[in-house]
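**Q** Before I ask anything, let me first share the structure, which is written out below as C-alpha cells.
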Amino acid sequence: MQDLAKTVGQRIRAQRKAKRLSQDVLALECKVDRSYMGRIERGEVNITLEKLYRVARALECEPSILLPQLENVPDFPDESFDAERD
C-alpha cells in the first residue's frame with residue numbers, strides 16, 4: 001500500500017511543480033499543514049478522498065490525473081482482506 005501512496009504523492013508533486021506552486025501555497029489552498037503536504041508528497045501518509053479532491057481542485061485538474069492506472073498498482077497484501085466480512 002505504501003507504493004501506492006508514494007506514487008500518488010509523486011504525481012501530486014509533479015502537478016504542483018507544473019503549476020509552479022510552492023508546497024506552502026498548495027497546503028494553504030488545501031487547508032492542510034505544510035508539513036502534512038510534504039508527507040503526502042513523500043508517500044508517508046495515505047491521503048483521504050476528501051483531501052485528494054481538495055488537492056485536485058487546487059491544482060485545477062481531475063482527481064484521476066493524480067492516481068496511477070490500475071495496471072501500474074502492485075497487488076495488495078492478502079493479510080488486509082477478510083473474506084468473511086463480505
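Ordered as shown in the C-alpha cells, chains take letters A, B, and onward, while each chain numbers its residues from 1 and ligands are numbered from 1 in the order shown.
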Hey, which bits of region 6-37 of chain A sit within 10 Å of region 66-75 of chain A, and for each residue what's the closest pair of atoms and how far apart in Å (one decimal), counting only C-alpha atoms, rows by chain and increasing number, as a Markdown table?
**A**
```
| residue | atom | partner | partner_atom | distance |
| --- | --- | --- | --- | --- |
| A:Thr7 | CA | A:Pro68 | CA | 7.0 |
| A:Val8 | CA | A:Leu67 | CA | 5.7 |
| A:Gly9 | CA | A:Leu66 | CA | 8.1 |
| A:Gln10 | CA | A:Leu66 | CA | 8.6 |
| A:Arg11 | CA | A:Leu66 | CA | 5.3 |
| A:Ile12 | CA | A:Leu66 | CA | 5.9 |
| A:Arg13 | CA | A:Leu66 | CA | 9.4 |
| A:Ala14 | CA | A:Leu66 | CA | 9.3 |
| A:Gln15 | CA | A:Leu66 | CA | 8.1 |
```
**Q** Give me a file of those residues, with C-alpha atoms, as a short mmCIF file (atom, residue, chain, number, x, y, z; two decimals), in the first residue's frame.
**A**
```cif
data_model
loop_
_atom_site.label_atom_id
_atom_site.label_comp_id
_atom_site.auth_asym_id
_atom_site.auth_seq_id
_atom_site.Cartn_x
_atom_site.Cartn_y
_atom_site.Cartn_z
CA THR A 7 3.04 7.12 -6.49
CA VAL A 8 0.12 9.41 -5.65
CA GLY A 9 2.48 11.74 -3.80
CA GLN A 10 4.87 11.87 -6.75
CA ARG A 11 2.02 12.69 -9.10
CA ILE A 12 0.79 15.46 -6.79
CA ARG A 13 4.31 16.90 -6.59
CA ALA A 14 4.69 16.79 -10.39
CA GLN A 15 1.36 18.59 -10.91
#
```
**Q** Taking the backbone alone, and naming residues the way the document does, which bits of chain A are helix (DSSP H, G or I) by DSSP, as a PyMOL selection string?
**A** chain A and resi 2-18+23-30+34-41+49-59+63-66+70-72+78-80+83-85
**Q** Looking at only C-alpha atoms, which of A:Met37, A:Ile47, A:Leu21, A:Leu4 is the one that sits closest to Glu60 (chain A)?
**A** A:Leu21
**Q** Record the distance separating CA of Gly43 (chain A) and CA of Ala5 (chain A), expressed in Å with one decimal.
**A** 4.5 Å
**Q** Mind checking which residues fall within 9 Å of Val55 (chain A), counting only C-alpha atoms, ignoring those fewer than 3 positions away in the same chain, and posting them as a PyMOL selection string?
**A** chain A and resi 12+26-27+29-30+50-52+58-61+63
**Q** Name the closest residue to Gly38 (chain A) among the candidates A:Arg57, A:Lys6, A:Glu62, A:Arg20; distances are taken between atoms, counting only C-alpha atoms.
**A** A:Lys6
